[in-house]
>>> print(open('my_file-v6.cif').read())   # mmCIF, C-alpha atoms
data_start
loop_
_atom_site.label_atom_id
_atom_site.label_comp_id
_atom_site.auth_asym_id
_atom_site.auth_seq_id
_atom_site.Cartn_x
_atom_site.Cartn_y
_atom_site.Cartn_z
CA MET A 1 -28.74 377.46 158.59
CA ASN A 2 -31.82 379.57 159.38
CA VAL A 3 -30.47 382.32 157.14
CA CYS A 4 -30.24 379.87 154.19
CA LYS A 5 -33.84 378.73 154.79
CA ALA A 6 -35.00 382.32 154.97
CA ILE A 7 -33.25 383.18 151.68
CA VAL A 8 -34.72 380.13 149.93
CA LEU A 9 -38.19 380.93 151.30
CA PHE A 10 -37.85 384.57 150.21
CA CYS A 11 -36.78 383.57 146.67
CA PHE A 12 -39.67 381.12 146.43
CA ALA A 13 -42.16 383.76 147.56
CA CYS A 14 -40.78 386.27 145.05
CA SER A 15 -41.08 383.76 142.21
CA LEU A 16 -44.72 383.09 143.12
CA MET A 17 -45.51 386.79 143.12
CA GLY A 18 -44.28 387.02 139.50
CA CYS A 19 -46.72 384.34 138.40
CA GLY A 20 -49.91 386.00 137.27
CA LYS A 21 -52.92 384.53 135.63
CA ASP A 22 -52.32 384.40 131.88
CA GLU A 23 -55.12 385.65 129.72
CA GLU A 24 -56.98 382.92 127.89
CA VAL A 25 -56.57 382.86 124.12
CA ILE A 26 -59.98 382.67 122.44
CA TYR A 27 -58.59 382.07 118.97
CA GLU A 28 -55.75 382.90 116.60
CA ALA A 29 -56.69 384.07 113.11
CA LYS A 30 -54.48 384.08 110.04
CA PHE A 31 -54.77 386.02 106.83
CA GLU A 32 -52.56 386.73 103.87
CA GLN A 33 -52.36 389.59 101.46
CA ARG A 34 -50.48 389.86 98.18
CA PHE A 35 -49.09 393.13 96.89
CA VAL A 36 -46.38 394.40 94.57
CA ILE A 37 -43.23 396.28 95.49
CA PRO A 38 -42.65 398.43 92.40
CA SER A 39 -39.34 398.70 90.63
CA GLY A 40 -37.25 401.85 90.58
CA LEU A 41 -37.64 402.81 94.25
CA ASN A 42 -34.89 405.09 95.54
CA THR A 43 -32.82 404.77 98.70
CA VAL A 44 -33.53 408.28 99.98
CA LEU A 45 -37.29 408.31 100.59
CA THR A 46 -39.60 406.18 102.68
CA HIS A 47 -42.00 404.42 100.31
CA TYR A 48 -45.65 403.77 101.18
CA ILE A 49 -47.82 401.05 99.68
CA THR A 50 -51.50 401.07 100.67
CA ILE A 51 -53.50 397.85 100.52
CA GLN A 52 -57.23 398.40 100.83
CA ASN A 53 -60.09 396.13 101.95
CA VAL A 54 -58.11 393.40 103.70
CA TYR A 55 -60.52 390.87 105.19
CA THR A 56 -59.60 389.82 108.74
CA ASP A 57 -62.63 387.56 109.44
CA CYS A 58 -62.82 388.81 113.04
CA ILE A 59 -66.60 389.08 113.38
CA ARG A 60 -67.38 385.59 112.06
CA ARG A 61 -64.64 383.93 114.10
CA THR A 62 -65.78 385.70 117.26
CA GLN A 63 -69.37 384.63 116.68
CA ASN A 64 -68.20 381.05 116.01
CA ALA A 65 -66.49 381.14 119.40
CA GLY A 66 -69.88 382.00 120.94
CA LEU A 67 -68.94 385.57 121.77
CA ALA A 68 -69.76 389.10 120.72
CA ILE A 69 -67.13 391.66 119.76
CA GLU A 70 -67.75 393.43 123.07
CA ASP A 71 -66.62 390.27 124.94
CA ILE A 72 -63.12 390.48 123.47
CA LYS A 73 -60.60 391.86 125.95
CA LYS A 74 -57.81 392.56 123.47
CA ILE A 75 -56.36 391.66 120.09
CA GLN A 76 -52.62 391.57 119.46
CA ALA A 77 -50.40 390.80 116.50
CA SER A 78 -48.96 387.32 116.41
CA PHE A 79 -46.80 385.77 113.69
CA GLY A 80 -45.90 387.78 110.59
CA LYS A 81 -43.64 387.29 107.59
CA LEU A 82 -43.15 388.79 104.18
CA ARG A 83 -42.18 386.41 101.37
CA THR A 84 -41.86 386.54 97.62
CA TYR A 85 -44.64 385.07 95.53
CA LEU A 86 -43.75 382.85 92.56
CA SER A 87 -40.23 384.20 92.22
CA ASN A 88 -36.81 383.50 93.64
CA GLN A 89 -35.88 387.12 94.18
CA ASP A 90 -34.11 387.98 97.41
CA LEU A 91 -35.65 390.67 99.59
CA ASP A 92 -32.27 391.92 100.81
CA PHE A 93 -32.85 395.23 99.01
CA ILE A 94 -35.22 396.18 101.88
CA GLN A 95 -33.52 398.01 104.74
CA ASP A 96 -36.50 398.21 107.10
CA ILE A 97 -40.23 397.65 106.91
CA SER A 98 -43.31 398.50 108.93
CA ILE A 99 -46.85 397.18 108.47
CA VAL A 100 -49.51 399.49 109.89
CA VAL A 101 -53.21 398.61 110.21
CA VAL A 102 -55.55 401.47 109.36
CA SER A 103 -59.22 401.76 110.27
CA ARG A 104 -61.56 402.00 107.29
CA THR A 105 -64.14 403.99 109.28
CA ASP A 106 -61.61 406.40 110.80
CA PRO A 107 -58.34 406.59 108.81
CA ALA A 108 -56.77 408.58 111.65
CA LYS A 109 -56.68 405.34 113.68
CA LYS A 110 -53.40 403.66 112.76
CA VAL A 111 -51.42 401.07 114.71
CA GLU A 112 -48.18 399.32 113.82
CA MET A 113 -48.85 395.59 113.59
CA TYR A 114 -45.45 394.33 112.36
CA TYR A 115 -41.99 395.71 111.76
CA SER A 116 -38.40 394.82 111.04
CA GLU A 117 -36.04 397.63 111.98
CA PHE A 118 -33.06 396.17 110.17
CA VAL A 119 -33.44 393.49 107.55
CA PRO A 120 -30.27 391.35 107.36
CA PHE A 121 -28.25 391.37 104.14
CA THR A 122 -28.64 387.59 103.92
CA VAL A 123 -32.44 387.50 104.10
CA ASP A 124 -33.16 385.54 100.87
CA GLU A 125 -36.86 385.29 99.91
CA GLU A 126 -38.49 385.76 103.33
CA ILE A 127 -38.45 388.39 106.07
CA LYS A 128 -39.67 387.39 109.52
CA LEU A 129 -41.42 390.34 111.10
CA GLN A 130 -41.57 391.37 114.74
CA SER A 131 -45.04 391.77 116.21
CA GLY A 132 -45.95 395.18 117.49
CA ALA A 133 -47.08 395.38 121.10
CA ALA A 134 -49.97 397.76 120.50
CA GLU A 135 -53.62 396.90 121.05
CA LEU A 136 -55.42 396.20 117.75
CA LYS A 137 -59.00 395.59 118.88
CA GLU A 138 -60.46 398.92 117.80
CA ILE A 139 -59.27 398.40 114.23
CA ILE A 140 -59.33 394.61 113.68
CA LYS A 141 -62.90 394.32 114.97
CA GLU A 142 -64.08 396.11 111.81
CA ASP A 143 -63.50 392.94 109.73
CA TYR A 144 -62.15 394.97 106.78
CA ILE A 145 -59.02 397.01 107.30
CA ASP A 146 -56.44 398.80 105.21
CA LEU A 147 -52.74 398.06 105.47
CA GLU A 148 -50.02 400.64 105.03
CA VAL A 149 -46.62 399.19 104.16
CA ARG A 150 -43.70 401.52 104.85
CA LEU A 151 -40.42 400.58 103.20
CA ASN A 152 -36.92 401.97 103.25
CA ILE A 153 -34.74 400.55 100.51
CA ARG A 154 -30.99 399.96 100.73
CA GLY A 155 -30.44 398.97 97.12
CA PHE A 156 -31.88 399.25 93.65
CA VAL A 157 -35.07 397.27 92.96
CA PRO A 158 -34.46 395.88 89.44
CA ASN A 159 -38.02 394.75 88.73
CA ALA A 160 -41.42 394.72 90.42
CA VAL A 161 -41.55 392.09 93.15
CA GLU A 162 -44.81 390.37 94.02
CA VAL A 163 -44.85 389.53 97.73
CA VAL A 164 -47.21 387.95 100.23
CA LEU A 165 -47.76 389.14 103.79
CA ASP A 166 -48.59 386.16 106.00
CA ALA A 167 -50.13 387.60 109.13
CA SER A 168 -51.96 386.47 112.21
CA TYR A 169 -53.51 387.98 115.30
CA VAL A 170 -54.48 386.56 118.66
CA VAL A 171 -57.80 387.33 120.35
CA TYR A 172 -58.07 387.31 124.15
#
>>> encode(input="my_file-v6.cif", output="structure tokens")
Amino acid sequence: MNVCKAIVLFCFACSLMGCGKDEEVIYEAKFEQRFVIPSGLNTVLTHYITIQNVYTDCIRRTQNAGLAIEDIKKIQASFGKLRTYLSNQDLDFIQDISIVVVSRTDPAKKVEMYYSEFVPFTVDEEIKLQSGAAELKEIIKEDYIDLEVRLNIRGFVPNAVEVVLDASYVVY
């Protein structure tokens, strides 16, 4: 019986050790950006679409929370999806996609914010994106960023497709 108590006590102690203090979320910010996937893309190359001057609203939101940018511990990607805008075209022609944030002051600073390594064949008009795990603070704190969309295509794109990136980030 003492062995059973010792095992239960050991398991309980181990579970408590795994519980750490979660970081407090200061706010979650959302933004959206429209862009066009051009027609005629081939299936051999990786295609890049650059979107410039995307407003993230980080500085104002941080000030509204009563903080300075220096008080932010980290910024990470949250929810992201790519959807068609004013059309019913399926996005199943996309094989994989990556959304990279690029610093406007130092274009060498690039971090993957969202990705989808394999887009299902039955995706319809919306692709749910996985959030990258990288730290975004050094880029998002600039308020205006550039986005680099990297696409690999699995099928012919019959016409230009206007899409919307719905994105959000969490500030700790």
>>> resolve_selection(input="my_file-v6.cif", expression="the PyMOL selection byres ((chain A and resi 99-110) around 7)", output="number ranges by chain")
A: 97-98, 111-115, 139, 145-150
>>> residues_near_point(input="my_file-v6.cif", point="(-57.3, 392.1, 102.5)", cutoff="12 Å", atoms="only C-alpha atoms", output="PyMOL selection string")
chain A and resi 30-35+50-57+101-102+104+140+143-148+164-167
>>> closest_residue(input="my_file-v6.cif", among="A:His47, A:Leu91, A:Ile26, A:Leu136", to="Ala68 in chain A", atoms="only C-alpha atoms")
A:Ile26
>>> closest_residue(input="my_file-v6.cif", among="A:Val123, A:Val170, A:Ile49, A:Val36", to="Ile75 in chain A", atoms="only C-alpha atoms")
A:Val170
>>> atom_distance(input="my_file-v6.cif", atom1="CA of Leu82 in chain A", atom2="CA of Glu126 in chain A")
5.6 Å
>>> residues_around(input="my_file-v6.cif", residues="Ser116 in chain A", least_positions_apart="2", cutoff="9 Å", atoms="all atoms listed in the file", output="ChimeraX atom specification")
/A:95-98,114,118-119,127-131
>>> closest_residue(input="my_file-v6.cif", among="A:Val157, A:Val171, A:Leu41, A:Val163", to="Lys74 in chain A", atoms="all atoms listed in the file")
A:Val171
>>> atom_distance(input="my_file-v6.cif", atom1="CA of Glu24 in chain A", atom2="CA of Ile72 in chain A")
10.7 Å
>>> atom_distance(input="my_file-v6.cif", atom1="CA of Cys58 in chain A", atom2="CA of Arg83 in chain A")
23.8 Å
>>> closest_residue(input="my_file-v6.cif", among="A:Ser39, A:Glu162, A:Tyr172, A:Ser87", to="Glu70 in chain A", atoms="all atoms listed in the file")
A:Tyr172
>>> closest_residue(input="my_file-v6.cif", among="A:Glu28, A:Glu117, A:Asp92, A:Glu23", to="Ala65 in chain A", atoms="all atoms listed in the file")
A:Glu28
>>> residues_around(input="my_file-v6.cif", residues="Ile69 in chain A", least_positions_apart="3", cutoff="7 Å", atoms="all atoms listed in the file", output="list of chain:residue names")
A:Ile59, A:Thr62, A:Ile72, A:Lys141
>>> write_last_selection(input="my_file-v6.cif", atoms="C-alpha atoms", output="mmCIF file, in the frame of the given file")
data_model
loop_
_atom_site.group_PDB
_atom_site.id
_atom_site.type_symbol
_atom_site.label_atom_id
_atom_site.label_comp_id
_atom_site.auth_asym_id
_atom_site.auth_seq_id
_atom_site.Cartn_x
_atom_site.Cartn_y
_atom_site.Cartn_z
ATOM 1 C CA ILE A 59 -66.600 389.080 113.380
ATOM 2 C CA THR A 62 -65.780 385.700 117.260
ATOM 3 C CA ILE A 72 -63.120 390.480 123.470
ATOM 4 C CA LYS A 141 -62.900 394.320 114.970
#
>>> resolve_selection(input="my_file-v6.cif", expression="the PyMOL selection byres ((chain A and resi 37) around 6)", output="number ranges by chain")
A: 36, 38, 160-161
>>> closest_residue(input="my_file-v6.cif", among="A:Ala77, A:Leu86, A:Leu151, A:Ile94", to="Gly132 in chain A", atoms="only C-alpha atoms")
A:Ala77
>>> build_atoms(input="my_file-v6.cif", residues="range 32-55 of chain A", atoms="N, CA and C atoms", output="PDB file, in the coordinates of the input")
ATOM      1  N   GLU A  32     -53.684 386.373 104.726  1.00  0.00           N
ATOM      2  CA  GLU A  32     -52.560 386.730 103.870  1.00  0.00           C
ATOM      3  C   GLU A  32     -53.016 387.747 102.852  1.00  0.00           C
ATOM      4  N   GLN A  33     -52.061 388.545 102.430  1.00  0.00           N
ATOM      5  CA  GLN A  33     -52.360 389.590 101.460  1.00  0.00           C
ATOM      6  C   GLN A  33     -51.204 389.725 100.496  1.00  0.00           C
ATOM      7  N   ARG A  34     -51.501 389.674  99.213  1.00  0.00           N
ATOM      8  CA  ARG A  34     -50.480 389.860  98.180  1.00  0.00           C
ATOM      9  C   ARG A  34     -50.450 391.322  97.760  1.00  0.00           C
ATOM     10  N   PHE A  35     -49.254 391.796  97.452  1.00  0.00           N
ATOM     11  CA  PHE A  35     -49.090 393.130  96.890  1.00  0.00           C
ATOM     12  C   PHE A  35     -47.780 393.181  96.123  1.00  0.00           C
ATOM     13  N   VAL A  36     -47.561 394.265  95.418  1.00  0.00           N
ATOM     14  CA  VAL A  36     -46.380 394.400  94.570  1.00  0.00           C
ATOM     15  C   VAL A  36     -45.502 395.538  95.094  1.00  0.00           C
ATOM     16  N   ILE A  37     -44.214 395.242  95.226  1.00  0.00           N
ATOM     17  CA  ILE A  37     -43.230 396.280  95.490  1.00  0.00           C
ATOM     18  C   ILE A  37     -42.736 396.741  94.126  1.00  0.00           C
ATOM     19  N   PRO A  38     -43.003 397.991  93.758  1.00  0.00           N
ATOM     20  CA  PRO A  38     -42.650 398.430  92.400  1.00  0.00           C
ATOM     21  C   PRO A  38     -41.150 398.567  92.196  1.00  0.00           C
ATOM     22  N   SER A  39     -40.752 398.513  90.954  1.00  0.00           N
ATOM     23  CA  SER A  39     -39.340 398.700  90.630  1.00  0.00           C
ATOM     24  C   SER A  39     -38.998 400.184  90.649  1.00  0.00           C
ATOM     25  N   GLY A  40     -37.716 400.470  90.675  1.00  0.00           N
ATOM     26  CA  GLY A  40     -37.250 401.850  90.580  1.00  0.00           C
ATOM     27  C   GLY A  40     -37.349 402.665  91.847  1.00  0.00           C
ATOM     28  N   LEU A  41     -37.570 402.051  92.998  1.00  0.00           N
ATOM     29  CA  LEU A  41     -37.640 402.810  94.250  1.00  0.00           C
ATOM     30  C   LEU A  41     -36.249 403.324  94.604  1.00  0.00           C
ATOM     31  N   ASN A  42     -36.200 404.524  95.194  1.00  0.00           N
ATOM     32  CA  ASN A  42     -34.890 405.090  95.540  1.00  0.00           C
ATOM     33  C   ASN A  42     -34.551 404.818  97.000  1.00  0.00           C
ATOM     34  N   THR A  43     -33.318 405.058  97.349  1.00  0.00           N
ATOM     35  CA  THR A  43     -32.820 404.770  98.700  1.00  0.00           C
ATOM     36  C   THR A  43     -32.937 405.971  99.641  1.00  0.00           C
ATOM     37  N   VAL A  44     -33.456 407.069  99.161  1.00  0.00           N
ATOM     38  CA  VAL A  44     -33.530 408.280  99.980  1.00  0.00           C
ATOM     39  C   VAL A  44     -34.867 408.400 100.708  1.00  0.00           C
ATOM     40  N   LEU A  45     -35.956 408.104 100.033  1.00  0.00           N
ATOM     41  CA  LEU A  45     -37.290 408.310 100.590  1.00  0.00           C
ATOM     42  C   LEU A  45     -37.838 407.064 101.275  1.00  0.00           C
ATOM     43  N   THR A  46     -38.804 407.278 102.157  1.00  0.00           N
ATOM     44  CA  THR A  46     -39.600 406.180 102.680  1.00  0.00           C
ATOM     45  C   THR A  46     -40.752 405.979 101.717  1.00  0.00           C
ATOM     46  N   HIS A  47     -40.977 404.743 101.295  1.00  0.00           N
ATOM     47  CA  HIS A  47     -42.000 404.420 100.310  1.00  0.00           C
ATOM     48  C   HIS A  47     -43.214 403.820 101.021  1.00  0.00           C
ATOM     49  N   TYR A  48     -44.401 404.228 100.591  1.00  0.00           N
ATOM     50  CA  TYR A  48     -45.650 403.770 101.180  1.00  0.00           C
ATOM     51  C   TYR A  48     -46.466 403.012 100.141  1.00  0.00           C
ATOM     52  N   ILE A  49     -46.939 401.848 100.528  1.00  0.00           N
ATOM     53  CA  ILE A  49     -47.820 401.050  99.680  1.00  0.00           C
ATOM     54  C   ILE A  49     -49.088 400.824 100.501  1.00  0.00           C
ATOM     55  N   THR A  50     -50.231 401.236  99.967  1.00  0.00           N
ATOM     56  CA  THR A  50     -51.500 401.070 100.670  1.00  0.00           C
ATOM     57  C   THR A  50     -52.255 399.888 100.071  1.00  0.00           C
ATOM     58  N   ILE A  51     -52.713 399.008 100.931  1.00  0.00           N
ATOM     59  CA  ILE A  51     -53.500 397.850 100.520  1.00  0.00           C
ATOM     60  C   ILE A  51     -54.876 398.024 101.162  1.00  0.00           C
ATOM     61  N   GLN A  52     -55.892 398.117 100.321  1.00  0.00           N
ATOM     62  CA  GLN A  52     -57.230 398.400 100.830  1.00  0.00           C
ATOM     63  C   GLN A  52     -58.084 397.134 100.904  1.00  0.00           C
ATOM     64  N   ASN A  53     -59.067 397.182 101.795  1.00  0.00           N
ATOM     65  CA  ASN A  53     -60.090 396.130 101.950  1.00  0.00           C
ATOM     66  C   ASN A  53     -59.500 394.755 102.257  1.00  0.00           C
ATOM     67  N   VAL A  54     -58.662 394.681 103.256  1.00  0.00           N
ATOM     68  CA  VAL A  54     -58.110 393.400 103.700  1.00  0.00           C
ATOM     69  C   VAL A  54     -59.096 392.778 104.678  1.00  0.00           C
ATOM     70  N   TYR A  55     -59.515 391.563 104.379  1.00  0.00           N
ATOM     71  CA  TYR A  55     -60.520 390.870 105.190  1.00  0.00           C
ATOM     72  C   TYR A  55     -59.837 390.127 106.337  1.00  0.00           C
TER      73      TYR A  55
END
